[in-house]
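Quick look at upload.cif (mmCIF, C-alpha atoms):
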data_protein
loop_
_atom_site.label_atom_id
_atom_site.label_comp_id
_atom_site.auth_asym_id
_atom_site.auth_seq_id
_atom_site.Cartn_x
_atom_site.Cartn_y
_atom_site.Cartn_z
CA MET G 1 18.01 34.98 -101.94
CA ASN G 2 16.77 37.99 -100.07
CA LYS G 3 13.34 39.35 -99.34
CA LYS G 4 13.46 41.95 -102.12
CA SER G 5 13.70 39.29 -104.81
CA VAL G 6 10.41 37.64 -103.86
CA PRO G 7 7.18 39.52 -104.55
CA LEU G 8 5.16 40.09 -101.39
CA GLY G 9 2.10 38.40 -102.91
CA VAL G 10 4.08 35.19 -103.38
CA VAL G 11 5.46 35.28 -99.85
CA LYS G 12 1.93 35.66 -98.51
CA ARG G 13 0.84 32.55 -100.40
CA LEU G 14 3.76 30.31 -99.39
CA PRO G 15 2.44 29.45 -95.91
CA ARG G 16 -0.75 28.36 -97.60
CA TYR G 17 1.15 26.04 -99.97
CA PHE G 18 3.02 24.72 -96.95
CA ARG G 19 -0.24 24.00 -95.15
CA TYR G 20 -1.87 22.27 -98.14
CA LEU G 21 1.20 20.21 -98.90
CA GLY G 22 1.43 19.22 -95.23
CA ASP G 23 -2.18 17.98 -95.38
CA LEU G 24 -1.47 16.05 -98.59
CA LEU G 25 1.57 14.42 -96.99
CA LYS G 26 -0.48 13.46 -93.95
CA ASN G 27 -2.98 11.83 -96.32
CA GLY G 28 -0.27 9.83 -98.06
CA VAL G 29 -0.24 11.80 -101.33
CA THR G 30 3.29 11.67 -102.79
CA ARG G 31 2.94 13.69 -105.97
CA ILE G 32 0.58 16.28 -107.36
CA SER G 33 0.19 18.30 -110.56
CA SER G 34 -0.22 22.05 -110.55
CA GLY G 35 -3.73 21.37 -111.94
CA GLU G 36 -4.77 19.28 -108.93
CA LEU G 37 -3.14 21.67 -106.48
CA SER G 38 -4.96 24.49 -108.26
CA GLU G 39 -8.33 22.80 -107.81
CA ARG G 40 -7.78 22.20 -104.10
CA MET G 41 -6.41 25.63 -103.37
CA GLN G 42 -8.72 27.63 -105.63
CA VAL G 43 -5.73 29.34 -107.25
CA THR G 44 -5.08 29.04 -110.99
CA ALA G 45 -2.55 26.42 -112.12
CA SER G 46 -0.53 29.08 -113.91
CA GLN G 47 -0.39 31.15 -110.72
CA ILE G 48 0.96 28.11 -108.87
CA ARG G 49 3.62 27.44 -111.51
CA GLN G 50 4.57 31.10 -111.52
CA ASP G 51 4.77 31.27 -107.69
CA LEU G 52 6.91 28.19 -107.37
CA ASN G 53 9.18 29.32 -110.20
CA CYS G 54 10.20 32.28 -108.03
CA PHE G 55 12.28 29.78 -106.11
CA GLY G 56 13.75 27.96 -109.07
CA GLY G 57 10.73 25.71 -109.64
CA PHE G 58 10.40 22.23 -108.27
CA GLY G 59 8.07 20.59 -110.79
CA GLN G 60 8.90 18.23 -113.61
CA GLN G 61 6.86 18.31 -116.81
CA GLY G 62 4.45 15.38 -116.98
CA TYR G 63 5.22 14.29 -113.43
CA GLY G 64 4.08 17.19 -111.33
CA TYR G 65 5.48 18.07 -107.95
CA ASN G 66 6.96 15.69 -105.43
CA VAL G 67 4.86 16.60 -102.39
CA GLU G 68 7.44 15.81 -99.76
CA SER G 69 10.33 17.65 -101.35
CA LEU G 70 8.16 20.64 -102.24
CA TYR G 71 6.88 20.74 -98.64
CA THR G 72 10.42 20.56 -97.29
CA GLU G 73 11.76 23.18 -99.72
CA ILE G 74 8.98 25.65 -98.98
CA GLY G 75 9.56 25.04 -95.28
CA VAL G 76 13.24 25.92 -95.71
CA ILE G 77 12.35 29.07 -97.65
CA LEU G 78 9.96 30.09 -94.87
CA GLY G 79 12.59 29.55 -92.21
CA VAL G 80 11.32 26.34 -90.57
CA GLU G 81 14.90 25.11 -90.17
CA LYS G 82 15.94 28.27 -88.38
CA HIS G 83 14.18 27.01 -85.24
CA TYR G 84 13.33 30.46 -83.99
CA LYS G 85 12.48 30.75 -80.31
CA ALA G 86 9.41 32.66 -79.17
CA VAL G 87 7.91 34.21 -76.08
CA ILE G 88 4.31 35.30 -75.55
CA ILE G 89 3.71 38.59 -73.78
CA GLY G 90 0.21 38.69 -72.30
CA ILE G 91 -1.49 35.47 -71.23
CA GLY G 92 -5.12 36.49 -71.42
CA ASN G 93 -7.65 34.62 -73.54
CA LEU G 94 -5.86 35.38 -76.79
CA GLY G 95 -2.37 34.56 -75.50
CA ASN G 96 -3.80 31.38 -74.10
CA ALA G 97 -5.52 30.47 -77.35
CA ILE G 98 -2.30 31.01 -79.27
CA ALA G 99 -0.20 29.03 -76.79
CA ASN G 100 -2.64 26.13 -77.04
CA ASN G 101 -3.92 26.15 -80.62
CA ILE G 102 -0.96 27.09 -82.79
CA ASN G 103 1.18 24.19 -83.94
CA PHE G 104 4.50 25.91 -83.36
CA GLU G 105 6.59 22.79 -83.84
CA LYS G 106 5.33 22.19 -87.39
CA ARG G 107 6.61 25.67 -88.25
CA GLY G 108 9.96 25.10 -86.60
CA VAL G 109 9.20 27.60 -83.84
CA LYS G 110 9.92 26.75 -80.22
CA LEU G 111 7.68 28.45 -77.67
CA LEU G 112 9.83 28.85 -74.59
CA GLY G 113 8.45 31.61 -72.42
CA LEU G 114 5.15 33.09 -71.27
CA PHE G 115 4.91 36.48 -69.54
CA ASP G 116 2.19 38.45 -67.81
CA VAL G 117 1.78 40.87 -64.93
CA ALA G 118 -1.52 39.73 -63.38
CA PRO G 119 -0.93 38.05 -60.00
CA SER G 120 -3.66 35.51 -60.84
CA THR G 121 -1.84 34.48 -64.05
CA VAL G 122 1.85 34.61 -63.05
CA GLY G 123 2.92 31.21 -61.76
CA THR G 124 0.21 29.25 -63.58
CA VAL G 125 1.41 26.58 -66.00
CA PHE G 126 0.39 26.02 -69.65
CA ASN G 127 1.77 23.11 -71.64
CA GLY G 128 4.62 22.72 -69.18
CA LEU G 129 5.56 26.41 -69.25
CA GLU G 130 5.20 28.56 -66.16
CA VAL G 131 3.95 32.10 -66.72
CA LEU G 132 6.68 34.48 -65.53
CA HIS G 133 6.30 38.05 -64.32
CA MET G 134 7.40 40.77 -66.73
CA ASP G 135 10.07 41.69 -64.16
CA LYS G 136 11.89 38.53 -65.25
CA LEU G 137 11.87 39.48 -68.94
CA GLU G 138 15.43 40.85 -69.15
CA GLU G 139 16.99 37.96 -67.28
CA PHE G 140 15.06 35.41 -69.33
CA CYS G 141 15.89 36.95 -72.71
CA LEU G 142 19.58 37.31 -71.91
CA ALA G 143 19.71 33.64 -70.93
CA ASN G 144 17.51 32.19 -73.68
CA LYS G 145 17.87 34.59 -76.60
CA PRO G 146 14.40 34.34 -78.15
CA GLU G 147 14.02 35.94 -81.59
CA ILE G 148 10.22 36.25 -81.69
CA ALA G 149 7.80 38.04 -79.37
CA ILE G 150 4.10 37.34 -79.65
CA LEU G 151 2.32 40.44 -78.39
CA THR G 152 -1.10 39.62 -76.98
CA LEU G 153 -1.11 42.46 -74.50
CA PRO G 154 -3.33 45.55 -74.30
CA LYS G 155 -2.82 48.19 -77.00
CA LYS G 156 -1.62 50.89 -74.62
CA GLU G 157 1.14 48.65 -73.23
CA ALA G 158 2.45 47.67 -76.67
CA PRO G 159 4.83 50.55 -77.55
CA ALA G 160 6.85 50.38 -74.32
CA VAL G 161 7.11 46.60 -74.40
CA PHE G 162 8.08 46.74 -78.09
CA LEU G 163 11.00 49.08 -77.26
CA ARG G 164 12.06 46.93 -74.32
CA LEU G 165 12.09 43.78 -76.44
CA LYS G 166 13.97 45.44 -79.30
CA GLU G 167 16.66 46.46 -76.84
CA LEU G 168 16.84 42.86 -75.68
CA GLY G 169 17.63 41.84 -79.25
CA LEU G 170 14.32 40.36 -80.39
CA LYS G 171 13.93 40.51 -84.17
CA GLY G 172 10.37 39.50 -85.00
CA PHE G 173 7.07 40.68 -83.57
CA TRP G 174 3.81 38.84 -84.10
CA ASN G 175 1.60 41.64 -82.99
CA PHE G 176 -2.03 41.23 -81.92
CA SER G 177 -2.14 44.39 -79.80
CA ASN G 178 -3.92 46.47 -82.49
CA MET G 179 -1.16 49.06 -82.09
CA GLU G 180 0.52 49.27 -85.51
CA LEU G 181 4.24 48.51 -85.06
CA ASN G 182 6.65 49.26 -87.88
CA SER G 183 9.24 47.02 -89.46
CA GLY G 184 12.71 48.35 -90.32
CA ASP G 185 16.21 48.51 -88.82
CA GLY G 186 16.48 44.76 -88.76
CA ILE G 187 13.06 44.35 -87.14
CA THR G 188 10.20 42.43 -88.77
CA THR G 189 6.64 42.98 -87.61
CA GLU G 190 3.52 41.09 -88.56
CA ASN G 191 0.55 43.13 -87.40
CA VAL G 192 -2.60 41.05 -87.10
CA HIS G 193 -5.86 42.98 -87.10
CA LEU G 194 -8.60 40.40 -86.74
CA GLY G 195 -11.27 43.06 -87.05
CA ASP G 196 -10.14 43.79 -90.63
CA SER G 197 -10.95 40.23 -91.58
CA LEU G 198 -14.45 40.56 -90.06
CA MET G 199 -15.03 43.61 -92.26
CA THR G 200 -13.86 41.76 -95.36
CA LEU G 201 -16.44 39.11 -94.50
CA CYS G 202 -19.20 41.72 -94.11
CA PHE G 203 -18.26 43.20 -97.48
CA GLY G 204 -18.49 39.73 -99.03
CA ILE G 205 -21.96 39.08 -97.59
CA LYS G 206 -23.19 42.49 -98.70
CA SER G 207 -21.80 42.01 -102.23
CA THR G 208 -23.44 38.60 -102.50
CA GLU G 209 -26.79 40.07 -101.43
CA GLU G 210 -26.47 42.80 -104.05
CA GLU G 211 -25.73 40.31 -106.82
CA VAL G 212 -29.09 38.62 -106.34
CA MET W 1 -21.87 48.10 -107.26
CA ASN W 2 -21.18 44.41 -106.93
CA LYS W 3 -18.20 42.45 -105.71
CA LYS W 4 -16.89 41.71 -109.19
CA SER W 5 -16.31 45.38 -109.93
CA VAL W 6 -13.88 45.86 -107.04
CA PRO W 7 -10.45 44.21 -107.26
CA LEU W 8 -9.83 41.85 -104.34
CA GLY W 9 -6.64 43.69 -103.40
CA VAL W 10 -8.60 46.90 -102.90
CA VAL W 11 -11.26 45.17 -100.83
CA LYS W 12 -8.56 43.73 -98.59
CA ARG W 13 -7.16 47.23 -97.99
CA LEU W 14 -10.48 48.94 -97.24
CA PRO W 15 -10.76 47.73 -93.63
CA ARG W 16 -7.31 49.17 -93.05
CA TYR W 17 -8.35 52.55 -94.45
CA PHE W 18 -11.44 52.35 -92.24
CA ARG W 19 -9.28 51.65 -89.19
CA TYR W 20 -6.80 54.47 -89.90
CA LEU W 21 -9.53 56.97 -90.65
CA GLY W 22 -11.34 55.96 -87.45
CA ASP W 23 -8.15 56.67 -85.48
CA LEU W 24 -7.74 60.05 -87.21
CA LEU W 25 -11.33 60.97 -86.38
CA LYS W 26 -10.80 59.99 -82.77
CA ASN W 27 -7.77 62.30 -82.70
CA GLY W 28 -9.78 65.19 -84.09
CA VAL W 29 -8.24 65.23 -87.59
CA THR W 30 -10.89 66.49 -90.04
CA ARG W 31 -9.05 66.35 -93.35
CA ILE W 32 -6.04 64.61 -94.79
CA SER W 33 -4.15 64.50 -98.09
CA SER W 34 -3.34 61.24 -99.85
CA GLY W 35 0.32 62.11 -99.13
CA GLU W 36 -0.18 62.23 -95.37
CA LEU W 37 -2.39 59.14 -95.39
CA SER W 38 0.32 57.44 -97.45
CA GLU W 39 3.00 58.24 -94.88
CA ARG W 40 0.95 56.92 -91.99
CA MET W 41 -0.19 53.77 -93.74
CA GLN W 42 3.05 52.95 -95.57
CA VAL W 43 1.19 52.69 -98.87
CA THR W 44 2.08 54.96 -101.82
CA ALA W 45 -0.08 58.05 -102.34
CA SER W 46 -0.88 56.96 -105.88
CA GLN W 47 -2.06 53.59 -104.57
CA ILE W 48 -4.38 55.38 -102.17
CA ARG W 49 -5.81 57.60 -104.89
CA GLN W 50 -6.25 54.61 -107.16
CA ASP W 51 -7.95 52.53 -104.43
CA LEU W 52 -10.37 55.26 -103.46
CA ASN W 53 -11.16 56.03 -107.09
CA CYS W 54 -12.63 52.53 -107.39
CA PHE W 55 -15.57 53.93 -105.47
CA GLY W 56 -15.93 57.15 -107.39
CA GLY W 57 -13.23 59.02 -105.46
CA PHE W 58 -13.88 61.23 -102.50
CA GLY W 59 -10.95 63.61 -102.63
CA GLN W 60 -10.82 67.17 -103.87
CA GLN W 61 -7.69 68.50 -105.52
CA GLY W 62 -5.79 70.79 -103.16
CA TYR W 63 -8.03 69.99 -100.23
CA GLY W 64 -7.51 66.29 -99.65
CA TYR W 65 -10.03 63.96 -98.12
CA ASN W 66 -12.68 64.86 -95.59
CA VAL W 67 -11.88 62.27 -92.92
CA GLU W 68 -15.37 61.88 -91.56
CA SER W 69 -17.15 61.48 -94.88
CA LEU W 70 -14.46 59.13 -96.21
CA TYR W 71 -14.74 57.05 -93.02
CA THR W 72 -18.51 56.93 -93.32
CA GLU W 73 -18.44 56.10 -97.05
CA ILE W 74 -15.93 53.29 -96.64
CA GLY W 75 -18.01 51.97 -93.74
CA VAL W 76 -21.09 51.90 -95.99
CA ILE W 77 -19.13 50.12 -98.73
CA LEU W 78 -17.95 47.53 -96.20
CA GLY W 79 -21.47 46.90 -94.95
CA VAL W 80 -21.35 48.65 -91.56
CA GLU W 81 -24.90 49.92 -92.06
CA LYS W 82 -26.20 46.44 -92.76
CA HIS W 83 -26.03 45.69 -89.02
CA TYR W 84 -25.35 42.01 -89.49
CA LYS W 85 -26.04 39.77 -86.52
CA ALA W 86 -23.49 37.21 -85.40
CA VAL W 87 -23.19 34.12 -83.24
CA ILE W 88 -20.00 32.50 -81.94
CA ILE W 89 -19.78 28.72 -82.05
CA GLY W 90 -17.22 27.46 -79.56
CA ILE W 91 -16.46 29.45 -76.42
CA GLY W 92 -12.96 28.23 -75.64
CA ASN W 93 -10.04 30.63 -75.26
CA LEU W 94 -10.26 31.86 -78.82
CA GLY W 95 -14.05 32.31 -78.84
CA ASN W 96 -13.68 34.11 -75.57
CA ALA W 97 -10.92 36.36 -76.86
CA ILE W 98 -13.00 37.28 -79.89
CA ALA W 99 -16.14 37.93 -77.86
CA ASN W 100 -14.17 40.23 -75.56
CA ASN W 101 -11.56 41.90 -77.77
CA ILE W 102 -13.26 42.58 -81.08
CA ASN W 103 -15.08 45.89 -81.34
CA PHE W 104 -18.13 44.52 -83.13
CA GLU W 105 -20.19 47.65 -82.72
CA LYS W 106 -17.69 49.84 -84.60
CA ARG W 107 -18.09 47.47 -87.55
CA GLY W 108 -21.88 47.51 -87.35
CA VAL W 109 -22.01 43.88 -86.25
CA LYS W 110 -24.23 42.82 -83.36
CA LEU W 111 -23.03 39.80 -81.39
CA LEU W 112 -26.18 38.15 -80.14
CA GLY W 113 -25.48 34.52 -79.35
CA LEU W 114 -22.76 32.27 -77.91
CA PHE W 115 -22.83 28.50 -78.24
CA ASP W 116 -20.85 25.59 -76.85
CA VAL W 117 -21.36 22.01 -75.74
CA ALA W 118 -19.12 21.79 -72.65
CA PRO W 119 -21.22 21.56 -69.47
CA SER W 120 -18.70 23.81 -67.70
CA THR W 121 -19.19 26.56 -70.33
CA VAL W 122 -22.91 26.37 -71.14
CA GLY W 123 -24.80 28.73 -68.84
CA THR W 124 -21.86 31.01 -68.11
CA VAL W 125 -22.28 34.67 -69.05
CA PHE W 126 -19.93 36.88 -71.13
CA ASN W 127 -20.73 40.55 -71.70
CA GLY W 128 -24.32 39.95 -70.78
CA LEU W 129 -24.76 36.96 -73.12
CA GLU W 130 -25.42 33.51 -71.73
CA VAL W 131 -23.64 30.64 -73.48
CA LEU W 132 -26.31 28.34 -74.89
CA HIS W 133 -26.03 24.63 -75.64
CA MET W 134 -25.74 23.69 -79.33
CA ASP W 135 -29.10 21.91 -78.93
CA LYS W 136 -30.66 25.36 -78.86
CA LEU W 137 -29.04 26.45 -82.14
CA GLU W 138 -32.03 25.82 -84.44
CA GLU W 139 -34.54 27.48 -82.15
CA PHE W 140 -32.26 30.47 -81.63
CA CYS W 141 -31.47 31.01 -85.31
CA LEU W 142 -35.10 30.72 -86.38
CA ALA W 143 -36.06 33.35 -83.81
CA ASN W 144 -33.10 35.74 -84.26
CA LYS W 145 -31.97 35.23 -87.85
CA PRO W 146 -28.23 35.84 -87.49
CA GLU W 147 -26.29 36.21 -90.76
CA ILE W 148 -22.77 35.54 -89.47
CA ALA W 149 -21.31 32.55 -87.65
CA ILE W 150 -17.91 32.85 -86.01
CA LEU W 151 -16.44 29.36 -85.93
CA THR W 152 -14.01 28.93 -83.06
CA LEU W 153 -14.68 25.24 -82.63
CA PRO W 154 -12.39 22.23 -83.16
CA LYS W 155 -11.44 21.45 -86.78
CA LYS W 156 -13.18 18.07 -86.85
CA GLU W 157 -16.51 19.58 -85.76
CA ALA W 158 -16.42 22.33 -88.38
CA PRO W 159 -17.88 20.62 -91.49
CA ALA W 160 -21.04 19.34 -89.78
CA VAL W 161 -21.68 22.64 -88.00
CA PHE W 162 -21.06 24.54 -91.26
CA LEU W 163 -23.77 22.47 -93.01
CA ARG W 164 -26.16 22.91 -90.12
CA LEU W 165 -25.71 26.68 -90.11
CA LYS W 166 -26.07 26.95 -93.88
CA GLU W 167 -29.38 25.13 -93.62
CA LEU W 168 -30.44 27.63 -90.98
CA GLY W 169 -29.83 30.41 -93.50
CA LEU W 170 -26.54 31.87 -92.25
CA LYS W 171 -24.65 33.64 -95.02
CA GLY W 172 -21.20 34.51 -93.70
CA PHE W 173 -18.63 32.38 -91.89
CA TRP W 174 -15.67 33.83 -90.03
CA ASN W 175 -13.78 30.62 -89.74
CA PHE W 176 -10.98 29.98 -87.25
CA SER W 177 -11.38 26.19 -87.23
CA ASN W 178 -8.42 25.58 -89.60
CA MET W 179 -10.78 23.50 -91.75
CA GLU W 180 -10.91 25.29 -95.12
CA LEU W 181 -14.56 26.14 -95.89
CA ASN W 182 -15.52 27.23 -99.38
CA SER W 183 -17.50 30.25 -100.47
CA GLY W 184 -20.14 29.98 -103.20
CA ASP W 185 -23.91 29.47 -103.56
CA GLY W 186 -24.61 32.69 -101.71
CA ILE W 187 -22.21 31.80 -98.90
CA THR W 188 -19.18 33.93 -97.99
CA THR W 189 -16.34 32.45 -95.95
CA GLU W 190 -13.35 34.17 -94.45
CA ASN W 191 -10.88 31.48 -93.41
CA VAL W 192 -8.39 32.73 -90.84
CA HIS W 193 -5.19 30.70 -90.51
CA LEU W 194 -3.17 32.38 -87.82
CA GLY W 195 -0.28 29.98 -88.34
CA ASP W 196 0.20 31.34 -91.89
CA SER W 197 0.89 34.75 -90.46
CA LEU W 198 3.50 33.28 -88.07
CA MET W 199 5.27 31.75 -91.07
CA THR W 200 5.24 35.06 -92.94
CA LEU W 201 6.92 36.55 -89.89
CA CYS W 202 9.58 33.81 -89.82
CA PHE W 203 10.25 34.41 -93.51
CA GLY W 204 10.69 38.11 -92.81
CA ILE W 205 13.17 37.52 -89.98
CA LYS W 206 15.14 35.04 -92.09
CA SER W 207 15.24 37.42 -95.07
CA THR W 208 16.43 40.27 -92.87
CA GLU W 209 19.21 38.09 -91.45
CA GLU W 210 20.30 37.15 -94.97
CA GLU W 211 20.43 40.77 -96.08
CA VAL W 212 23.08 41.55 -93.49
#
Starting from the coordinates I provided, produce the structure as structure tokens.
Amino acid sequence: MNKKSVPLGVVKRLPRYFRYLGDLLKNGVTRISSGELSERMQVTASQIRQDLNCFGGFGQQGYGYNVESLYTEIGVILGVEKHYKAVIIGIGNLGNAIANNINFEKRGVKLLGLFDVAPSTVGTVFNGLEVLHMDKLEEFCLANKPEIAILTLPKKEAPAVFLRLKELGLKGFWNFSNMELNSGDGITTENVHLGDSLMTLCFGIKSTEEEV
Amino acid sequence: MNKKSVPLGVVKRLPRYFRYLGDLLKNGVTRISSGELSERMQVTASQIRQDLNCFGGFGQQGYGYNVESLYTEIGVILGVEKHYKAVIIGIGNLGNAIANNINFEKRGVKLLGLFDVAPSTVGTVFNGLEVLHMDKLEEFCLANKPEIAILTLPKKEAPAVFLRLKELGLKGFWNFSNMELNSGDGITTENVHLGDSLMTLCFGIKSTEEEV
């Protein structure tokens, strides 16, 4: 299966299925119908069936889905078993929040390096990881071969660091720098623009006001 | 115009148009064709024309779009001129990062209050705003009437705070708590699950590897 065979809309919803199914598992739920999943996720049951059919379908008529196997299968599709290794570039408030709040392990990702340039930050320790100076980036990447870089550095620094990391063989960029970075040539980028989501919220409030 | 008349997919793309057009303006570009916009945004030109037609269309054949008026119009559609007021609940690393890194002003949003419960955080000042104790929430909201709450507090605290803020008349919730909060009854929620975006990235890397 390659990326082209799965519609982007479906891919975007899979992490959400993974999250919901993980919560169900934690609550001891072993099977669920597309109808129940639909109610919880506020997605239509037919959408759910259609989405999951993209991967061969896991449900059985009259039984529903086995939560654990569906959770595991979706995890495999999403790459959980690849155990990608990640570094964070930029340990300001956002880098810190991501290092501390994201459950990397659940997603199969191993966070193994933190980098910054500020003398007050380099040498400090978060979750057992010491923040290294950017001067150590080459040496570290050659030794540890991370695939993912999490870019929580200032916008103006992003392009040069992006190039440097691509040359070091990194393949995936989770990019919070607000500098749009392009995928292609074996590189995958996920550009996160938090401000866009704030605007979507404002649009929603405004629309609700206008409905009244 | 109300929310129902605009497809969700279009709404989700508008903040991106707003961001690109803002960058063009900053760089002194006064007009642009859907073709050029398409190239920069990696969206097809026909998609762009179709999206912008949802709002009556702003382009002129053979001339393209006037960047400034398109930027302003999309801003109005998104609610920039509503000047919504926001408070942040939870001034940990993430609340801090949002207070400092999001350009609220550009989006017409005024950040006017910060709240926490930790004795070490209450009373500290960020960007001229003093962090207030949650005990002051009612008094503050009655006096200042914010519409938006930014929830950067722990998951388990989210439901109770959500109820409390709804009773105080807040209408929009930008929710980073990882506790899914539902829209409806005049309430708009924008649930941000950063971990989902990490999984989308992992899927992209995996798919690229499999293409080789």
request  = Name the residues captured by the PyMOL selection byres ((chain G) within 6 of (chain W)) when it is applied to the shown file; answer as a PyMOL selection string.
outcome  = chain G and resi 2-3+15+78-79+93-94+97+188+190+196+201-205+207
Selection result for the PyMOL selection byres ((chain W and resi 21) around 10) on this file, as a PyMOL selection string = chain W and resi 15-20+22-27+29-32+37+66-72+74
ask   = If you apply the PyMOL selection byres ((chain W and resi 122) around 12) to this file, what residues do you get, as a PyMOL selection string?
value = chain W and resi 89-92+113-121+123-126+129-136
ask   = Counting only C-alpha atoms, which of G:Leu151, G:Ala86, G:Cys54, G:Leu137 gets nearest to Phe176 of chain G?
value =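 So, comparing all the options, the nearest one is G:Leu151.
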Atomic distance atom CA of Arg164 of chain W - atom CA of Lys85 of chain W, expressed in Å with one decimal =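 Between these atoms lies a distance of 17.2 Å.
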query = In Å, how far is it from atom CA of Ala99 of chain W to atom CA of Lys145 of chain W?
reply =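 These atoms are spaced 18.9 Å apart.
Between Lys155 of chain G and the candidates G:Leu181, G:Val6, G:Val87, G:Ala143, the tightest atom-to-atom separation, counting only C-alpha atoms, involves G:Leu181.
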Adding 8 Å on each side of the box along x, y and z that holds all listed atoms of segment 154-168 of chain G, could you give its centre and edge lengths in Å to one decimal, as JSON?
{"center_x": 6.8, "center_y": 46.9, "center_z": -76.3, "size_x": 36.2, "size_y": 24.0, "size_z": 22.1}
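Note that atom CA of Phe140 of chain W and atom CA of Ala158 of chain W are 19.0 Å apart.
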Block slice segment 94-106 of chain W, N, CA, C and O atoms, emitted as a short mmCIF file (atom, residue, chain, number, x, y, z; two decimals), in the first residue's frame:
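So result.cif came out as:
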data_model
loop_
_atom_site.label_atom_id
_atom_site.label_comp_id
_atom_site.auth_asym_id
_atom_site.auth_seq_id
_atom_site.Cartn_x
_atom_site.Cartn_y
_atom_site.Cartn_z
N LEU W 94 2.72 25.37 27.42
CA LEU W 94 1.92 25.55 26.22
C LEU W 94 1.16 26.88 26.25
O LEU W 94 1.15 27.62 25.27
N GLY W 95 0.56 27.19 27.40
CA GLY W 95 -0.15 28.46 27.54
C GLY W 95 0.79 29.63 27.29
O GLY W 95 0.46 30.61 26.61
N ASN W 96 1.97 29.48 27.83
CA ASN W 96 3.03 30.45 27.64
C ASN W 96 3.43 30.62 26.18
O ASN W 96 3.56 31.74 25.67
N ALA W 97 3.61 29.49 25.51
CA ALA W 97 4.00 29.51 24.10
C ALA W 97 2.92 30.20 23.28
O ALA W 97 3.22 31.00 22.38
N ILE W 98 1.67 29.91 23.59
CA ILE W 98 0.57 30.52 22.83
C ILE W 98 0.49 32.02 23.12
O ILE W 98 0.35 32.83 22.20
N ALA W 99 0.60 32.38 24.38
CA ALA W 99 0.56 33.81 24.73
C ALA W 99 1.66 34.58 24.00
O ALA W 99 1.45 35.70 23.54
N ASN W 100 2.82 33.95 23.85
CA ASN W 100 3.97 34.66 23.28
C ASN W 100 4.12 34.53 21.77
O ASN W 100 4.63 35.44 21.12
N ASN W 101 3.69 33.40 21.20
CA ASN W 101 4.00 33.16 19.79
C ASN W 101 2.86 33.43 18.82
O ASN W 101 3.10 33.54 17.62
N ILE W 102 1.64 33.45 19.31
CA ILE W 102 0.52 33.66 18.38
C ILE W 102 0.33 35.16 18.17
O ILE W 102 0.27 35.92 19.13
N ASN W 103 0.22 35.53 16.90
CA ASN W 103 -0.06 36.93 16.58
C ASN W 103 -1.57 37.14 16.64
O ASN W 103 -2.29 37.01 15.65
N PHE W 104 -2.04 37.42 17.85
CA PHE W 104 -3.49 37.58 18.06
C PHE W 104 -4.02 38.80 17.30
O PHE W 104 -5.07 38.74 16.69
N GLU W 105 -3.26 39.86 17.37
CA GLU W 105 -3.71 41.14 16.81
C GLU W 105 -4.05 41.02 15.33
O GLU W 105 -5.08 41.51 14.87
N LYS W 106 -3.17 40.34 14.58
CA LYS W 106 -3.37 40.15 13.15
C LYS W 106 -4.71 39.48 12.87
O LYS W 106 -5.31 39.67 11.80
#
